[in-house]
Amino acid sequence: MDKFSLDATDIRILSAVQRHGQLSKTKLAEIVNLSPTPCWARLTKLRAAGFIRGYHADIALDRVCDFTQVIVTVSLTHHRKSDFDRFEGRIRQLDEVTECIATGGGMDYVLKIFTPSLAAFQELMEALLAADLGIDRYMTYIVTRSVKSAQPNIARLAARTGK
């Protein structure tokens with residue numbers, strides 16, 4: 001099952017799972033407007049095909065602990081595959097980096113970083129610079145508050161691409 005073979009029912013199932021997480025067979029079928037057995041069979045196929053990578057809870061982190069969130073843009077000195085691989089390999093090892101996207105344009109990467117304090121963030125950046133990862137320059141943006149954080153609306157996105 002590739003991305004081009006998804007039908008409207010598959011998209012409804014993915015949307016329901018994205019919005020509600022794991023659901024009982026009956027509840028998912030009710031949301032999707034399909035009988036439970038075929039609905040569950042489709043969900044099983046979507047999981048097996050890799051469309052669902054996991055189930056996650058949306059934790060109110062600010063209620064659990066104090067933290068500093070920083071957005072960092074990074075530009076590498078050189079742009080060879082080995083340079084990108086070395087940087088990305090190190091970033092994947094860091095629990096503090098919760099998101100890293102490669103970009104085209106003026107910067108090579110945008111990172112979302114969570115640390116217990118600003119001092120801890122500075123230590124992390126100093127360690128990255130000392131690790132000889134080929135970082136040419138970086139800019140930091142301290143997050144003061146989150147205005148919106150959401151996953152894209154699968155049904156709208158798929159409808160606009162004609163899938």
# chains A, B, ... in the order shown; residues from 1 in each chain; ligands from 1
>>> residues_around(residues="range 129-139 of chain A", least_positions_apart="5", cutoff="6 Å", atoms="only C-alpha atoms", output="ChimeraX atom specification")
/A:72-77,87
>>> write_last_selection(atoms="N, CA, C and O atoms", output="PDB file, in the first residue's frame")
ATOM      1  N   VAL A  72      17.016  26.932  16.951  1.00  0.00           N
ATOM      2  CA  VAL A  72      18.358  27.248  16.476  1.00  0.00           C
ATOM      3  C   VAL A  72      18.423  26.993  14.979  1.00  0.00           C
ATOM      4  O   VAL A  72      17.995  25.931  14.513  1.00  0.00           O
ATOM      5  N   THR A  73      18.939  27.969  14.245  1.00  0.00           N
ATOM      6  CA  THR A  73      19.227  27.753  12.828  1.00  0.00           C
ATOM      7  C   THR A  73      20.728  27.544  12.701  1.00  0.00           C
ATOM      8  O   THR A  73      21.515  28.213  13.370  1.00  0.00           O
ATOM      9  N   VAL A  74      21.117  26.588  11.856  1.00  0.00           N
ATOM     10  CA  VAL A  74      22.527  26.217  11.718  1.00  0.00           C
ATOM     11  C   VAL A  74      22.917  26.220  10.242  1.00  0.00           C
ATOM     12  O   VAL A  74      22.189  25.696   9.400  1.00  0.00           O
ATOM     13  N   SER A  75      24.064  26.792   9.971  1.00  0.00           N
ATOM     14  CA  SER A  75      24.652  26.732   8.639  1.00  0.00           C
ATOM     15  C   SER A  75      26.001  26.032   8.760  1.00  0.00           C
ATOM     16  O   SER A  75      26.806  26.372   9.638  1.00  0.00           O
ATOM     17  N   LEU A  76      26.237  25.041   7.899  1.00  0.00           N
ATOM     18  CA  LEU A  76      27.510  24.318   7.920  1.00  0.00           C
ATOM     19  C   LEU A  76      28.529  25.007   7.017  1.00  0.00           C
ATOM     20  O   LEU A  76      28.167  25.677   6.043  1.00  0.00           O
ATOM     21  N   THR A  77      29.790  24.819   7.346  1.00  0.00           N
ATOM     22  CA  THR A  77      30.876  25.409   6.564  1.00  0.00           C
ATOM     23  C   THR A  77      30.932  24.809   5.167  1.00  0.00           C
ATOM     24  O   THR A  77      31.060  25.509   4.171  1.00  0.00           O
ATOM     25  N   PHE A  87      26.960  15.805  10.864  1.00  0.00           N
ATOM     26  CA  PHE A  87      26.123  16.682  11.682  1.00  0.00           C
ATOM     27  C   PHE A  87      24.827  15.973  12.088  1.00  0.00           C
ATOM     28  O   PHE A  87      24.467  15.939  13.266  1.00  0.00           O
TER      29      PHE A  87
END
>>> residues_around(residues="Asn153 in chain A", least_positions_apart="6", cutoff="10 Å", atoms="only C-alpha atoms", output="JSON, numbers by chain")
{"A": [15, 18, 19]}
>>> closest_residue(among="A:Ala120, A:Ala57, A:Val70, A:Ile11", to="Arg156 in chain A", atoms="only C-alpha atoms")
A:Ile11
>>> residues_around(residues="range 22-24 of chain A", least_positions_apart="2", cutoff="12 Å", atoms="only C-alpha atoms", output="list in words")
Ile13, Leu14, Ser15, Ala16, Val17, Gln18, Arg19, His20, Thr26, Lys27, Leu28, Ala29, Glu30, Ile31, Val32, Pro36, Thr37, Cys39, Trp40, Leu43, Arg47, Ile52, Gly54, Tyr55, His56 and Ala57 of chain A
>>> select_by_dssp(residues="chain A", states="strand (DSSP E or B)", output="NGL selection string")
:A and (68-76 or 97-102 or 109-115 or 135-142)
>>> write_last_selection(atoms="C-alpha atoms", output="PDB file, in the first residue's frame")
ATOM      1  CA  THR A  68      13.976  26.451  28.242  1.00  0.00           C
ATOM      2  CA  GLN A  69      12.940  26.001  24.633  1.00  0.00           C
ATOM      3  CA  VAL A  70      15.202  27.351  21.910  1.00  0.00           C
ATOM      4  CA  ILE A  71      14.935  27.362  18.132  1.00  0.00           C
ATOM      5  CA  VAL A  72      18.358  27.248  16.476  1.00  0.00           C
ATOM      6  CA  THR A  73      19.227  27.753  12.828  1.00  0.00           C
ATOM      7  CA  VAL A  74      22.527  26.217  11.718  1.00  0.00           C
ATOM      8  CA  SER A  75      24.652  26.732   8.639  1.00  0.00           C
ATOM      9  CA  LEU A  76      27.510  24.318   7.920  1.00  0.00           C
ATOM     10  CA  VAL A  97      16.988  18.153  20.170  1.00  0.00           C
ATOM     11  CA  THR A  98      13.360  17.200  19.597  1.00  0.00           C
ATOM     12  CA  GLU A  99      13.163  18.291  15.979  1.00  0.00           C
ATOM     13  CA  CYS A 100      15.706  18.893  13.250  1.00  0.00           C
ATOM     14  CA  ILE A 101      14.767  19.765   9.711  1.00  0.00           C
ATOM     15  CA  ALA A 102      17.113  20.267   6.772  1.00  0.00           C
ATOM     16  CA  TYR A 109      19.050  23.197   9.521  1.00  0.00           C
ATOM     17  CA  VAL A 110      16.399  24.365  11.969  1.00  0.00           C
ATOM     18  CA  LEU A 111      16.464  22.682  15.384  1.00  0.00           C
ATOM     19  CA  LYS A 112      13.968  22.678  18.243  1.00  0.00           C
ATOM     20  CA  ILE A 113      15.803  22.216  21.524  1.00  0.00           C
ATOM     21  CA  PHE A 114      14.532  21.716  25.091  1.00  0.00           C
ATOM     22  CA  THR A 115      16.911  22.065  28.065  1.00  0.00           C
ATOM     23  CA  ILE A 135      29.134  24.436  12.079  1.00  0.00           C
ATOM     24  CA  ASP A 136      29.891  27.745  10.344  1.00  0.00           C
ATOM     25  CA  ARG A 137      27.316  29.870  12.145  1.00  0.00           C
ATOM     26  CA  TYR A 138      24.153  29.515  14.168  1.00  0.00           C
ATOM     27  CA  MET A 139      21.389  31.771  15.401  1.00  0.00           C
ATOM     28  CA  THR A 140      19.368  31.179  18.541  1.00  0.00           C
ATOM     29  CA  TYR A 141      15.794  32.199  19.212  1.00  0.00           C
ATOM     30  CA  ILE A 142      14.496  31.829  22.761  1.00  0.00           C
TER      31      ILE A 142
END
>>> atom_distance(atom1="CA of Asp66 in chain A", atom2="CA of Ser117 in chain A")
7.9 Å
>>> select_by_dssp(residues="range 38-159 of chain A", states="alpha helix (DSSP H)", output="number ranges by chain")
A: 38-48, 61-64, 81-92, 118-130, 154-159
>>> atom_distance(atom1="CA of Gly105 in chain A", atom2="CA of Ser82 in chain A")
19.3 Å
>>> atom_distance(atom1="CA of Ser5 in chain A", atom2="CA of Ser35 in chain A")
20.9 Å
>>> closest_residue(among="A:His78, A:Lys45, A:Lys148, A:Arg12", to="Asp108 in chain A", atoms="only C-alpha atoms")
A:His78
>>> closest_atom_pairs(of="range 120-158 of chain A", to="range 58-63 of chain A", cutoff="12 Å", atoms="only C-alpha atoms", output="JSON lines")
{"residue": "A:Arg145", "atom": "CA", "partner": "A:Asp62", "partner_atom": "CA", "distance": 10.7}
{"residue": "A:Ser146", "atom": "CA", "partner": "A:Asp62", "partner_atom": "CA", "distance": 11.0}
{"residue": "A:Ser149", "atom": "CA", "partner": "A:Asp58", "partner_atom": "CA", "distance": 10.5}
{"residue": "A:Ala150", "atom": "CA", "partner": "A:Asp58", "partner_atom": "CA", "distance": 10.4}
{"residue": "A:Gln151", "atom": "CA", "partner": "A:Asp58", "partner_atom": "CA", "distance": 11.6}
>>> write_last_selection(atoms="N, CA, C and O atoms", output="compact mmCIF listing (two decimals), in the first residue's frame")
# COMPACT_ATOMS: atom_id res chain seq x y z
N ARG A 145 6.75 31.81 24.31
CA ARG A 145 5.50 31.10 24.51
C ARG A 145 5.13 30.40 23.21
O ARG A 145 5.53 30.81 22.14
N SER A 146 4.37 29.34 23.34
CA SER A 146 3.91 28.59 22.18
C SER A 146 2.54 29.11 21.78
O SER A 146 1.62 29.13 22.61
N SER A 149 0.81 24.61 18.12
CA SER A 149 1.59 23.42 17.82
C SER A 149 0.60 22.34 17.43
O SER A 149 -0.23 21.93 18.24
N ALA A 150 0.65 21.91 16.18
CA ALA A 150 -0.34 20.94 15.71
C ALA A 150 0.23 20.14 14.55
O ALA A 150 1.19 20.56 13.91
N GLN A 151 -0.37 19.01 14.31
CA GLN A 151 -0.07 18.21 13.13
C GLN A 151 -0.92 18.74 11.99
O GLN A 151 -2.01 19.28 12.22
>>> closest_residue(among="A:Phe51, A:Leu157, A:Arg90, A:Asp10", to="Leu124 in chain A", atoms="only C-alpha atoms")
A:Arg90
>>> decode(residues="range 101-120 of chain A", atoms="N, CA, C and O atoms", output="PDB file, in the first residue's frame")
ATOM      1  N   ILE A 101      15.143  19.836  11.111  1.00  0.00           N
ATOM      2  CA  ILE A 101      14.767  19.765   9.711  1.00  0.00           C
ATOM      3  C   ILE A 101      15.866  20.378   8.854  1.00  0.00           C
ATOM      4  O   ILE A 101      16.472  21.387   9.236  1.00  0.00           O
ATOM      5  N   ALA A 102      16.158  19.734   7.739  1.00  0.00           N
ATOM      6  CA  ALA A 102      17.113  20.267   6.772  1.00  0.00           C
ATOM      7  C   ALA A 102      16.346  21.216   5.861  1.00  0.00           C
ATOM      8  O   ALA A 102      15.219  20.923   5.454  1.00  0.00           O
ATOM      9  N   THR A 103      16.960  22.354   5.563  1.00  0.00           N
ATOM     10  CA  THR A 103      16.284  23.364   4.758  1.00  0.00           C
ATOM     11  C   THR A 103      17.165  23.801   3.594  1.00  0.00           C
ATOM     12  O   THR A 103      18.385  23.666   3.642  1.00  0.00           O
ATOM     13  N   GLY A 104      16.540  24.316   2.571  1.00  0.00           N
ATOM     14  CA  GLY A 104      17.253  24.966   1.482  1.00  0.00           C
ATOM     15  C   GLY A 104      17.205  26.464   1.716  1.00  0.00           C
ATOM     16  O   GLY A 104      16.315  26.959   2.388  1.00  0.00           O
ATOM     17  N   GLY A 105      18.168  27.161   1.205  1.00  0.00           N
ATOM     18  CA  GLY A 105      18.176  28.609   1.398  1.00  0.00           C
ATOM     19  C   GLY A 105      19.356  29.037   2.251  1.00  0.00           C
ATOM     20  O   GLY A 105      20.427  28.441   2.177  1.00  0.00           O
ATOM     21  N   GLY A 106      19.166  30.025   3.088  1.00  0.00           N
ATOM     22  CA  GLY A 106      20.253  30.618   3.848  1.00  0.00           C
ATOM     23  C   GLY A 106      20.810  29.767   4.971  1.00  0.00           C
ATOM     24  O   GLY A 106      21.975  29.879   5.323  1.00  0.00           O
ATOM     25  N   MET A 107      20.003  28.918   5.552  1.00  0.00           N
ATOM     26  CA  MET A 107      20.446  28.045   6.633  1.00  0.00           C
ATOM     27  C   MET A 107      20.268  26.601   6.206  1.00  0.00           C
ATOM     28  O   MET A 107      19.398  26.288   5.408  1.00  0.00           O
ATOM     29  N   ASP A 108      21.084  25.726   6.779  1.00  0.00           N
ATOM     30  CA  ASP A 108      21.009  24.315   6.421  1.00  0.00           C
ATOM     31  C   ASP A 108      20.024  23.532   7.292  1.00  0.00           C
ATOM     32  O   ASP A 108      19.433  22.564   6.831  1.00  0.00           O
ATOM     33  N   TYR A 109      19.885  23.948   8.582  1.00  0.00           N
ATOM     34  CA  TYR A 109      19.050  23.197   9.521  1.00  0.00           C
ATOM     35  C   TYR A 109      18.305  24.152  10.448  1.00  0.00           C
ATOM     36  O   TYR A 109      18.795  25.231  10.778  1.00  0.00           O
ATOM     37  N   VAL A 110      17.141  23.704  10.894  1.00  0.00           N
ATOM     38  CA  VAL A 110      16.399  24.365  11.969  1.00  0.00           C
ATOM     39  C   VAL A 110      16.167  23.305  13.030  1.00  0.00           C
ATOM     40  O   VAL A 110      15.659  22.224  12.744  1.00  0.00           O
ATOM     41  N   LEU A 111      16.574  23.627  14.274  1.00  0.00           N
ATOM     42  CA  LEU A 111      16.464  22.682  15.384  1.00  0.00           C
ATOM     43  C   LEU A 111      15.536  23.230  16.451  1.00  0.00           C
ATOM     44  O   LEU A 111      15.525  24.430  16.720  1.00  0.00           O
ATOM     45  N   LYS A 112      14.767  22.346  17.066  1.00  0.00           N
ATOM     46  CA  LYS A 112      13.968  22.678  18.243  1.00  0.00           C
ATOM     47  C   LYS A 112      14.631  21.971  19.411  1.00  0.00           C
ATOM     48  O   LYS A 112      14.802  20.753  19.390  1.00  0.00           O
ATOM     49  N   ILE A 113      15.017  22.748  20.412  1.00  0.00           N
ATOM     50  CA  ILE A 113      15.803  22.216  21.524  1.00  0.00           C
ATOM     51  C   ILE A 113      15.120  22.541  22.852  1.00  0.00           C
ATOM     52  O   ILE A 113      14.679  23.659  23.073  1.00  0.00           O
ATOM     53  N   PHE A 114      15.050  21.538  23.736  1.00  0.00           N
ATOM     54  CA  PHE A 114      14.532  21.716  25.091  1.00  0.00           C
ATOM     55  C   PHE A 114      15.641  21.381  26.079  1.00  0.00           C
ATOM     56  O   PHE A 114      16.218  20.286  26.006  1.00  0.00           O
ATOM     57  N   THR A 115      15.929  22.304  27.009  1.00  0.00           N
ATOM     58  CA  THR A 115      16.911  22.065  28.065  1.00  0.00           C
ATOM     59  C   THR A 115      16.335  22.547  29.394  1.00  0.00           C
ATOM     60  O   THR A 115      15.388  23.339  29.415  1.00  0.00           O
ATOM     61  N   PRO A 116      16.914  22.093  30.514  1.00  0.00           N
ATOM     62  CA  PRO A 116      16.397  22.520  31.823  1.00  0.00           C
ATOM     63  C   PRO A 116      16.611  24.010  32.104  1.00  0.00           C
ATOM     64  O   PRO A 116      15.907  24.594  32.917  1.00  0.00           O
ATOM     65  N   SER A 117      17.600  24.631  31.432  1.00  0.00           N
ATOM     66  CA  SER A 117      17.906  26.037  31.689  1.00  0.00           C
ATOM     67  C   SER A 117      18.641  26.632  30.493  1.00  0.00           C
ATOM     68  O   SER A 117      19.108  25.895  29.612  1.00  0.00           O
ATOM     69  N   LEU A 118      18.773  27.934  30.501  1.00  0.00           N
ATOM     70  CA  LEU A 118      19.540  28.611  29.454  1.00  0.00           C
ATOM     71  C   LEU A 118      21.015  28.222  29.544  1.00  0.00           C
ATOM     72  O   LEU A 118      21.682  28.036  28.517  1.00  0.00           O
ATOM     73  N   ALA A 119      21.515  28.061  30.757  1.00  0.00           N
ATOM     74  CA  ALA A 119      22.906  27.633  30.941  1.00  0.00           C
ATOM     75  C   ALA A 119      23.140  26.244  30.348  1.00  0.00           C
ATOM     76  O   ALA A 119      24.169  25.985  29.706  1.00  0.00           O
ATOM     77  N   ALA A 120      22.179  25.346  30.533  1.00  0.00           N
ATOM     78  CA  ALA A 120      22.288  24.002  29.964  1.00  0.00           C
ATOM     79  C   ALA A 120      22.266  24.060  28.436  1.00  0.00           C
ATOM     80  O   ALA A 120      22.983  23.316  27.760  1.00  0.00           O
TER      81      ALA A 120
END
